Amino acid sequence: MSNKNIGIKDVAVAAGVSVTTVSHVLNEVSYARISPETRDKVRTVAEQLGYGPNRLAQALRTQRTGMLGLVSEDIATTPHAGRIILGADEAAKARGYSLMIINTPGSASLESRQADVQALLERRVDGILYATMYHRDVELPANLGSVPSVLVDSVATGGNITAVIPDEEGGARAAVGALLEAGHTRVGFINNTDDVPATRQRLQAFRAMLTEAGLDGDGAPVESEVSEVQGGYEAARRILARGDRPTGLFCYNDRMAMGAYRAAAELGLTIPGDLSVVGFDDQELIAANLYPGLTTVALPHYEMGAWATEHLIDAVEGKTDLTLMALHPTILSCPLVRRDSITAPPQ
């Protein structure tokens with residue numbers, strides 16, 4: 001906690017350096033020729049004395065407040081996507097910025113979302129992150145462009161703005177590839193019914209991987225339902241009732257995979273002995289606690305939040321031009337998380 005009675009001169013005297021040196025260290029002036037040892041000493045002394053830079057004075061000098069806004073479309077109330085906020089917050093703190101969050105329902109009107117953005121602008125945030133609960137196309141409020149802005153887990157419809165999204169295709173390829181590597185030649189897919197990028201791209205990757213492996217990608221069994229546990233159960237019951245029942249099952253997300261586990265148990269099938277299953281999302285409360293543990297693909301929520309914040313701050317500080325990055329969204333990888341739900345198919 002800062003001590004209002006301690007001034008920069010007190011820090012300089014205690015550290016045995018000039019006031020200018022203290023100012024350069026605490027304000028992270030990059031061009032100042034100060035040794036790492038001196039920088040560490042100044043920071044340590046300042047912390048011990050309870051001295052902090054005068055943020056108001058800094059704001060007047062730089063015309064920046066050190067505040068970033070985050071418009072959260074439901075992610076603040078969603079555990080598996082909340083790591084976007086964690087990544088953004090930790091990246092902001094590391095650069096000396098604070099994060100102000102406004103949660104807005106994904107179903108909110110454009111006018112309502114514009115009002116949320118305006119609330120952040122009135123508090124003079126230096127930049128805005130706009131994050132959605134799942135990867136989708138989003139119509140953005142017109143006032144979002146008033147300050148540097150970055151989209152997280154979404155892309156803008158009808159406009160170019162810097163965005164970071166997960167590699168849906170690469171993640172699906174990793175999931176199907178794990179089943180193929182285990183020797184499965186009869187592989188099915190339980191898909192989502194929503195018209196979102198993940199639904200389309202994961203299906204395309206599923207078919208492409210099978211085709212590239214010399215299998216019938218276009219004819220492979222696919223069942224679609226609402227992407228929840230019950231939907232996964234119902235789709236799995238249908239797909240596992242086929243005469244040519246798949247021995248490997250790729251599920252759109254971990255919740256649907258949970259439903260598939262239930263369907264397999266009701267049909268007397270063991271996992272992975274009779275049926276290998278792979279999910280998507282790496283929702284730890286589900287994937288790590290199913291029995292056996294679910295092999296799945298991790299969405300880079302934390303990494304997207306951190307990436308967006310780093311590049312937003314660079315834009316605020318004039319170190320990068322977001323317009324040059326807005327032509328194509330940045331795509332972050334979705335790594336495979338191996339657990340115990342995949343093995344070789346039964347003989």
# chains A, B, ... in the order shown; residues from 1 in each chain; ligands from 1
$ closest_atom_pairs --of "segment 266-323 of chain A" --to "segment 161-172 of chain A" --cutoff "9 Å" --atoms "only C-alpha atoms" --output "JSON lines"
{"residue": "A:Phe280", "atom": "CA", "partner": "A:Gly171", "partner_atom": "CA", "distance": 7.9}
{"residue": "A:Val297", "atom": "CA", "partner": "A:Gly171", "partner_atom": "CA", "distance": 6.1}
{"residue": "A:Ala298", "atom": "CA", "partner": "A:Gly171", "partner_atom": "CA", "distance": 7.9}
{"residue": "A:Leu299", "atom": "CA", "partner": "A:Pro166", "partner_atom": "CA", "distance": 6.6}
{"residue": "A:Pro300", "atom": "CA", "partner": "A:Pro166", "partner_atom": "CA", "distance": 6.5}
{"residue": "A:His301", "atom": "CA", "partner": "A:Pro166", "partner_atom": "CA", "distance": 8.3}
{"residue": "A:Met304", "atom": "CA", "partner": "A:Val164", "partner_atom": "CA", "distance": 6.2}
{"residue": "A:Gly305", "atom": "CA", "partner": "A:Val164", "partner_atom": "CA", "distance": 8.7}
{"residue": "A:Trp307", "atom": "CA", "partner": "A:Val164", "partner_atom": "CA", "distance": 7.7}
{"residue": "A:Ala308", "atom": "CA", "partner": "A:Val164", "partner_atom": "CA", "distance": 6.8}
{"residue": "A:Leu322", "atom": "CA", "partner": "A:Thr162", "partner_atom": "CA", "distance": 6.1}
{"residue": "A:Thr323", "atom": "CA", "partner": "A:Thr162", "partner_atom": "CA", "distance": 7.1}
$ residues_around --residues "segment 112-126 of chain A" --least-positions-apart "2" --cutoff "8 Å" --atoms "only C-alpha atoms" --output "number ranges by chain"
A: 64-69, 71, 100, 102, 104, 108-110, 128, 141-144, 147-148, 316
$ select_by_dssp --residues "segment 153-298 of chain A" --states "helix (DSSP H, G or I)" --output "VMD selection string"
chain A and resid 168 to 181 197 to 212 229 to 240 254 to 266 284 to 287
$ write_last_selection --atoms "C-alpha atoms" --output "CSV table (one decimal), in the first residue's frame"
chain,number,residue,atom,x,y,z
A,168,GLU,CA,-10.7,-24.9,-34.3
A,169,GLU,CA,-9.5,-26.9,-37.3
A,170,GLY,CA,-6.1,-27.7,-35.8
A,171,GLY,CA,-7.7,-28.8,-32.5
A,172,ALA,CA,-10.2,-31.1,-34.3
A,173,ARG,CA,-7.4,-32.6,-36.4
A,174,ALA,CA,-5.4,-33.4,-33.2
A,175,ALA,CA,-8.5,-35.0,-31.7
A,176,VAL,CA,-9.3,-37.2,-34.7
A,177,GLY,CA,-5.6,-37.9,-35.2
A,178,ALA,CA,-5.4,-39.4,-31.7
A,179,LEU,CA,-8.1,-41.9,-32.6
A,180,LEU,CA,-6.5,-42.7,-36.0
A,181,GLU,CA,-3.1,-43.2,-34.3
A,197,PRO,CA,-17.4,-21.3,-36.6
A,198,ALA,CA,-16.5,-24.2,-34.3
A,199,THR,CA,-19.4,-26.4,-35.6
A,200,ARG,CA,-18.4,-25.9,-39.2
A,201,GLN,CA,-14.6,-26.0,-38.8
A,202,ARG,CA,-14.5,-29.1,-36.6
A,203,LEU,CA,-16.8,-31.0,-38.9
A,204,GLN,CA,-14.6,-30.0,-41.9
A,205,ALA,CA,-11.5,-31.1,-40.1
A,206,PHE,CA,-13.1,-34.4,-39.0
A,207,ARG,CA,-14.0,-35.3,-42.6
A,208,ALA,CA,-10.7,-34.1,-44.0
A,209,MET,CA,-8.6,-36.2,-41.5
A,210,LEU,CA,-10.5,-39.4,-42.3
A,211,THR,CA,-10.2,-38.8,-46.0
A,212,GLU,CA,-6.5,-38.1,-45.8
A,229,VAL,CA,-24.7,-33.4,-21.7
A,230,GLN,CA,-28.3,-34.5,-22.7
A,231,GLY,CA,-27.6,-33.7,-26.4
A,232,GLY,CA,-24.4,-35.7,-26.3
A,233,TYR,CA,-26.3,-38.6,-24.7
A,234,GLU,CA,-29.0,-38.6,-27.3
A,235,ALA,CA,-26.6,-38.2,-30.2
A,236,ALA,CA,-24.4,-41.0,-28.8
A,237,ARG,CA,-27.4,-43.4,-28.4
A,238,ARG,CA,-28.2,-42.9,-32.1
A,239,ILE,CA,-24.6,-43.2,-33.4
A,240,LEU,CA,-23.8,-46.3,-31.2
A,254,ASP,CA,-16.5,-32.3,-23.1
A,255,ARG,CA,-20.2,-31.9,-22.0
A,256,MET,CA,-21.3,-33.9,-25.0
A,257,ALA,CA,-18.6,-36.4,-24.2
A,258,MET,CA,-20.0,-36.8,-20.7
A,259,GLY,CA,-23.4,-37.7,-22.3
A,260,ALA,CA,-21.6,-40.2,-24.6
A,261,TYR,CA,-20.1,-41.9,-21.5
A,262,ARG,CA,-23.6,-42.4,-20.1
A,263,ALA,CA,-24.9,-43.7,-23.4
A,264,ALA,CA,-22.0,-46.2,-23.7
A,265,ALA,CA,-22.6,-47.4,-20.1
A,266,GLU,CA,-26.3,-48.0,-20.8
A,284,GLU,CA,-11.2,-29.7,-16.1
A,285,LEU,CA,-14.2,-30.1,-13.8
A,286,ILE,CA,-15.5,-32.6,-16.4
A,287,ALA,CA,-12.6,-33.9,-18.4
$ residues_around --residues "segment 270-279 of chain A" --least-positions-apart "6" --cutoff "7 Å" --atoms "only C-alpha atoms" --output "list in words"
Ala175, Thr247, Gly248, Leu249, Phe250, Cys251, Tyr252, Asn253, Asp254, Ala257, Ala264, Leu294, Thr295, Thr296, Val297, Ser341, Ile342, Thr343, Pro345 and Pro346 of chain A
$ write_last_selection --atoms "N, CA, C and O atoms" --output "PDB file, in the first residue's frame"
ATOM      1  N   ALA A 175      -7.606 -34.091 -32.328  1.00  0.00           N
ATOM      2  CA  ALA A 175      -8.533 -35.026 -31.685  1.00  0.00           C
ATOM      3  C   ALA A 175      -8.740 -36.269 -32.544  1.00  0.00           C
ATOM      4  O   ALA A 175      -8.614 -37.401 -32.067  1.00  0.00           O
ATOM      5  N   THR A 247     -15.866 -47.398 -33.335  1.00  0.00           N
ATOM      6  CA  THR A 247     -15.057 -47.785 -32.180  1.00  0.00           C
ATOM      7  C   THR A 247     -14.363 -46.561 -31.585  1.00  0.00           C
ATOM      8  O   THR A 247     -13.795 -46.637 -30.495  1.00  0.00           O
ATOM      9  N   GLY A 248     -14.402 -45.453 -32.330  1.00  0.00           N
ATOM     10  CA  GLY A 248     -13.834 -44.198 -31.854  1.00  0.00           C
ATOM     11  C   GLY A 248     -14.841 -43.087 -32.019  1.00  0.00           C
ATOM     12  O   GLY A 248     -15.555 -43.022 -33.035  1.00  0.00           O
ATOM     13  N   LEU A 249     -14.944 -42.201 -31.030  1.00  0.00           N
ATOM     14  CA  LEU A 249     -15.954 -41.146 -31.060  1.00  0.00           C
ATOM     15  C   LEU A 249     -15.314 -39.804 -30.715  1.00  0.00           C
ATOM     16  O   LEU A 249     -14.698 -39.643 -29.657  1.00  0.00           O
ATOM     17  N   PHE A 250     -15.450 -38.836 -31.630  1.00  0.00           N
ATOM     18  CA  PHE A 250     -14.999 -37.465 -31.405  1.00  0.00           C
ATOM     19  C   PHE A 250     -16.218 -36.642 -31.026  1.00  0.00           C
ATOM     20  O   PHE A 250     -17.212 -36.621 -31.762  1.00  0.00           O
ATOM     21  N   CYS A 251     -16.173 -35.990 -29.875  1.00  0.00           N
ATOM     22  CA  CYS A 251     -17.304 -35.206 -29.382  1.00  0.00           C
ATOM     23  C   CYS A 251     -17.005 -33.718 -29.472  1.00  0.00           C
ATOM     24  O   CYS A 251     -15.892 -33.271 -29.154  1.00  0.00           O
ATOM     25  N   TYR A 252     -17.993 -32.938 -29.875  1.00  0.00           N
ATOM     26  CA  TYR A 252     -17.844 -31.492 -30.076  1.00  0.00           C
ATOM     27  C   TYR A 252     -17.281 -30.792 -28.848  1.00  0.00           C
ATOM     28  O   TYR A 252     -16.478 -29.877 -28.964  1.00  0.00           O
ATOM     29  N   ASN A 253     -17.716 -31.205 -27.666  1.00  0.00           N
ATOM     30  CA  ASN A 253     -17.131 -30.637 -26.448  1.00  0.00           C
ATOM     31  C   ASN A 253     -17.199 -31.668 -25.322  1.00  0.00           C
ATOM     32  O   ASN A 253     -17.748 -32.766 -25.487  1.00  0.00           O
ATOM     33  N   ASP A 254     -16.631 -31.316 -24.184  1.00  0.00           N
ATOM     34  CA  ASP A 254     -16.539 -32.257 -23.071  1.00  0.00           C
ATOM     35  C   ASP A 254     -17.904 -32.566 -22.461  1.00  0.00           C
ATOM     36  O   ASP A 254     -18.125 -33.656 -21.927  1.00  0.00           O
ATOM     37  N   ALA A 257     -19.325 -35.188 -24.498  1.00  0.00           N
ATOM     38  CA  ALA A 257     -18.601 -36.426 -24.218  1.00  0.00           C
ATOM     39  C   ALA A 257     -19.116 -37.073 -22.929  1.00  0.00           C
ATOM     40  O   ALA A 257     -19.214 -38.300 -22.841  1.00  0.00           O
ATOM     41  N   ALA A 264     -22.808 -44.963 -23.531  1.00  0.00           N
ATOM     42  CA  ALA A 264     -21.992 -46.171 -23.667  1.00  0.00           C
ATOM     43  C   ALA A 264     -22.251 -47.126 -22.509  1.00  0.00           C
ATOM     44  O   ALA A 264     -22.387 -48.347 -22.700  1.00  0.00           O
ATOM     45  N   LEU A 294     -10.911 -38.071 -19.496  1.00  0.00           N
ATOM     46  CA  LEU A 294     -11.209 -37.817 -20.905  1.00  0.00           C
ATOM     47  C   LEU A 294     -10.037 -37.162 -21.633  1.00  0.00           C
ATOM     48  O   LEU A 294      -9.579 -36.085 -21.256  1.00  0.00           O
ATOM     49  N   THR A 295      -9.568 -37.812 -22.679  1.00  0.00           N
ATOM     50  CA  THR A 295      -8.625 -37.166 -23.591  1.00  0.00           C
ATOM     51  C   THR A 295      -9.396 -36.092 -24.347  1.00  0.00           C
ATOM     52  O   THR A 295     -10.493 -36.343 -24.858  1.00  0.00           O
ATOM     53  N   THR A 296      -8.837 -34.899 -24.410  1.00  0.00           N
ATOM     54  CA  THR A 296      -9.583 -33.781 -24.990  1.00  0.00           C
ATOM     55  C   THR A 296      -8.623 -32.756 -25.571  1.00  0.00           C
ATOM     56  O   THR A 296      -7.401 -32.915 -25.504  1.00  0.00           O
ATOM     57  N   VAL A 297      -9.174 -31.718 -26.147  1.00  0.00           N
ATOM     58  CA  VAL A 297      -8.393 -30.640 -26.745  1.00  0.00           C
ATOM     59  C   VAL A 297      -8.623 -29.382 -25.924  1.00  0.00           C
ATOM     60  O   VAL A 297      -9.764 -29.037 -25.609  1.00  0.00           O
ATOM     61  N   SER A 341      -8.943 -42.133 -22.098  1.00  0.00           N
ATOM     62  CA  SER A 341     -10.166 -42.558 -22.781  1.00  0.00           C
ATOM     63  C   SER A 341      -9.934 -43.059 -24.197  1.00  0.00           C
ATOM     64  O   SER A 341     -10.893 -43.307 -24.925  1.00  0.00           O
ATOM     65  N   ILE A 342      -8.670 -43.236 -24.594  1.00  0.00           N
ATOM     66  CA  ILE A 342      -8.371 -43.743 -25.939  1.00  0.00           C
ATOM     67  C   ILE A 342      -7.410 -44.926 -25.828  1.00  0.00           C
ATOM     68  O   ILE A 342      -6.414 -44.877 -25.120  1.00  0.00           O
ATOM     69  N   THR A 343      -7.735 -45.982 -26.541  1.00  0.00           N
ATOM     70  CA  THR A 343      -6.843 -47.128 -26.683  1.00  0.00           C
ATOM     71  C   THR A 343      -7.095 -47.753 -28.045  1.00  0.00           C
ATOM     72  O   THR A 343      -7.925 -47.253 -28.822  1.00  0.00           O
ATOM     73  N   PRO A 345      -8.590 -50.156 -30.925  1.00  0.00           N
ATOM     74  CA  PRO A 345      -9.948 -50.701 -31.053  1.00  0.00           C
ATOM     75  C   PRO A 345      -9.987 -52.168 -30.703  1.00  0.00           C
ATOM     76  O   PRO A 345      -8.981 -52.887 -30.805  1.00  0.00           O
ATOM     77  N   PRO A 346     -11.163 -52.661 -30.268  1.00  0.00           N
ATOM     78  CA  PRO A 346     -11.278 -54.088 -29.934  1.00  0.00           C
ATOM     79  C   PRO A 346     -11.093 -54.943 -31.185  1.00  0.00           C
ATOM     80  O   PRO A 346     -11.431 -54.527 -32.306  1.00  0.00           O
TER      81      PRO A 346
END
$ residues_around --residues "segment 41-47 of chain A" --least-positions-apart "3" --cutoff "9 Å" --atoms "only C-alpha atoms" --output "list in words"
Met1, Ser2, Ile8, Asp10, Val11, Ala12, Ala14, Ala15, Gly16, Val17, Thr21, Val22, Val25, Leu26, Pro36, Glu37, Thr38, Gly50, Tyr51 and Gly52 of chain A
$ write_last_selection --atoms "C-alpha atoms" --output "short mmCIF file (atom, residue, chain, number, x, y, z; two decimals), in the first residue's frame"
data_model
loop_
_atom_site.label_atom_id
_atom_site.label_comp_id
_atom_site.auth_asym_id
_atom_site.auth_seq_id
_atom_site.Cartn_x
_atom_site.Cartn_y
_atom_site.Cartn_z
CA MET A 1 0.00 0.00 0.00
CA SER A 2 1.36 3.44 -0.92
CA ILE A 8 10.30 10.35 -4.53
CA ASP A 10 12.90 9.88 0.20
CA VAL A 11 13.29 6.89 -2.12
CA ALA A 12 16.26 8.50 -3.84
CA ALA A 14 17.39 5.71 0.83
CA ALA A 15 18.57 4.07 -2.41
CA GLY A 16 21.57 6.37 -2.78
CA VAL A 17 20.61 7.51 -6.29
CA THR A 21 17.02 7.67 -11.58
CA VAL A 22 14.12 6.79 -9.29
CA VAL A 25 13.04 3.18 -12.86
CA LEU A 26 9.51 3.44 -11.46
CA PRO A 36 19.65 -4.07 -13.52
CA GLU A 37 21.12 -4.04 -10.02
CA THR A 38 20.23 -0.36 -9.52
CA GLY A 50 5.49 2.16 0.62
CA TYR A 51 6.07 4.61 -2.24
CA GLY A 52 4.15 4.33 -5.50
#
$ closest_residue --among "A:Ala241, A:Glu28, A:Arg186, A:Ala288" --to "Arg95 of chain A" --atoms "only C-alpha atoms"
A:Glu28
$ select_by_dssp --residues "segment 209-331 of chain A" --states "strand (DSSP E or B)" --output "PyMOL selection string"
chain A and resi 222-225+248-251+276-278+281+295-298+330-331
$ closest_residue --among "A:Gly7, A:Gly87, A:Gly106, A:Pro221" --to "Thr309 of chain A" --atoms "only C-alpha atoms"
A:Gly87
$ closest_residue --among "A:Ala326, A:Ala213, A:Leu86, A:Ala344" --to "Ala182 of chain A" --atoms "only C-alpha atoms"
A:Ala344
$ decode --residues "segment 73-96 of chain A" --atoms "N, CA, C and O atoms" --output "CSV table (one decimal), in the first residue's frame"
chain,number,residue,atom,x,y,z
A,73,GLU,N,-18.9,-10.9,-22.8
A,73,GLU,CA,-20.2,-11.5,-23.1
A,73,GLU,C,-20.3,-12.8,-22.4
A,73,GLU,O,-20.0,-13.9,-23.0
A,74,ASP,N,-20.8,-12.8,-21.2
A,74,ASP,CA,-21.1,-14.0,-20.4
A,74,ASP,C,-19.9,-14.7,-19.9
A,74,ASP,O,-20.1,-15.6,-19.0
A,75,ILE,N,-18.7,-14.4,-20.3
A,75,ILE,CA,-17.6,-15.2,-19.8
A,75,ILE,C,-17.3,-15.0,-18.3
A,75,ILE,O,-16.8,-15.9,-17.7
A,76,ALA,N,-17.7,-13.8,-17.8
A,76,ALA,CA,-17.5,-13.6,-16.3
A,76,ALA,C,-18.3,-14.6,-15.5
A,76,ALA,O,-18.0,-14.8,-14.3
A,77,THR,N,-19.3,-15.1,-16.0
A,77,THR,CA,-20.2,-16.0,-15.3
A,77,THR,C,-20.1,-17.5,-15.8
A,77,THR,O,-20.9,-18.3,-15.5
A,78,THR,N,-19.0,-17.8,-16.6
A,78,THR,CA,-18.8,-19.1,-17.2
A,78,THR,C,-17.5,-19.6,-16.8
A,78,THR,O,-16.5,-19.1,-17.2
A,79,PRO,N,-17.4,-20.7,-15.9
A,79,PRO,CA,-16.2,-21.1,-15.4
A,79,PRO,C,-15.1,-21.5,-16.5
A,79,PRO,O,-14.0,-21.1,-16.4
A,80,HIS,N,-15.6,-22.2,-17.5
A,80,HIS,CA,-14.6,-22.7,-18.5
A,80,HIS,C,-14.0,-21.6,-19.4
A,80,HIS,O,-12.9,-21.8,-19.9
A,81,ALA,N,-14.7,-20.5,-19.5
A,81,ALA,CA,-14.1,-19.4,-20.3
A,81,ALA,C,-13.5,-18.3,-19.4
A,81,ALA,O,-12.9,-17.3,-19.9
A,82,GLY,N,-13.7,-18.4,-18.1
A,82,GLY,CA,-13.2,-17.4,-17.2
A,82,GLY,C,-11.7,-17.2,-17.3
A,82,GLY,O,-11.2,-16.1,-16.8
A,83,ARG,N,-10.9,-18.1,-17.8
A,83,ARG,CA,-9.5,-18.0,-17.9
A,83,ARG,C,-9.1,-16.9,-18.9
A,83,ARG,O,-8.0,-16.4,-18.9
A,84,ILE,N,-10.0,-16.5,-19.7
A,84,ILE,CA,-9.8,-15.3,-20.6
A,84,ILE,C,-9.5,-14.1,-19.7
A,84,ILE,O,-8.6,-13.3,-19.9
A,85,ILE,N,-10.4,-13.9,-18.7
A,85,ILE,CA,-10.2,-12.8,-17.7
A,85,ILE,C,-8.9,-12.9,-17.0
A,85,ILE,O,-8.2,-11.9,-16.8
A,86,LEU,N,-8.6,-14.1,-16.5
A,86,LEU,CA,-7.4,-14.3,-15.7
A,86,LEU,C,-6.2,-14.0,-16.6
A,86,LEU,O,-5.3,-13.3,-16.1
A,87,GLY,N,-6.1,-14.4,-17.8
A,87,GLY,CA,-5.0,-14.1,-18.7
A,87,GLY,C,-4.9,-12.6,-19.0
A,87,GLY,O,-3.8,-12.1,-19.0
A,88,ALA,N,-6.0,-12.0,-19.2
A,88,ALA,CA,-6.0,-10.5,-19.5
A,88,ALA,C,-5.6,-9.8,-18.2
A,88,ALA,O,-4.8,-8.8,-18.3
A,89,ASP,N,-6.1,-10.2,-17.1
A,89,ASP,CA,-5.8,-9.4,-15.8
A,89,ASP,C,-4.3,-9.5,-15.5
A,89,ASP,O,-3.7,-8.6,-15.1
A,90,GLU,N,-3.8,-10.8,-15.6
A,90,GLU,CA,-2.3,-10.9,-15.2
A,90,GLU,C,-1.4,-10.2,-16.2
A,90,GLU,O,-0.4,-9.7,-15.8
A,91,ALA,N,-1.8,-10.2,-17.5
A,91,ALA,CA,-1.0,-9.5,-18.5
A,91,ALA,C,-1.0,-8.0,-18.2
A,91,ALA,O,0.0,-7.3,-18.4
A,92,ALA,N,-2.2,-7.5,-17.9
A,92,ALA,CA,-2.4,-6.1,-17.6
A,92,ALA,C,-1.5,-5.7,-16.4
A,92,ALA,O,-0.8,-4.7,-16.4
A,93,LYS,N,-1.6,-6.4,-15.3
A,93,LYS,CA,-0.9,-6.1,-14.1
A,93,LYS,C,0.6,-6.1,-14.4
A,93,LYS,O,1.4,-5.3,-13.8
A,94,ALA,N,1.1,-7.0,-15.2
A,94,ALA,CA,2.5,-7.1,-15.5
A,94,ALA,C,3.0,-5.9,-16.2
A,94,ALA,O,4.2,-5.6,-16.1
A,95,ARG,N,2.1,-5.2,-16.9
A,95,ARG,CA,2.5,-4.0,-17.6
A,95,ARG,C,2.1,-2.7,-16.8
A,95,ARG,O,2.2,-1.6,-17.4
A,96,GLY,N,1.6,-2.9,-15.6
A,96,GLY,CA,1.2,-1.7,-14.8
A,96,GLY,C,-0.2,-1.1,-15.1
A,96,GLY,O,-0.4,0.0,-14.8
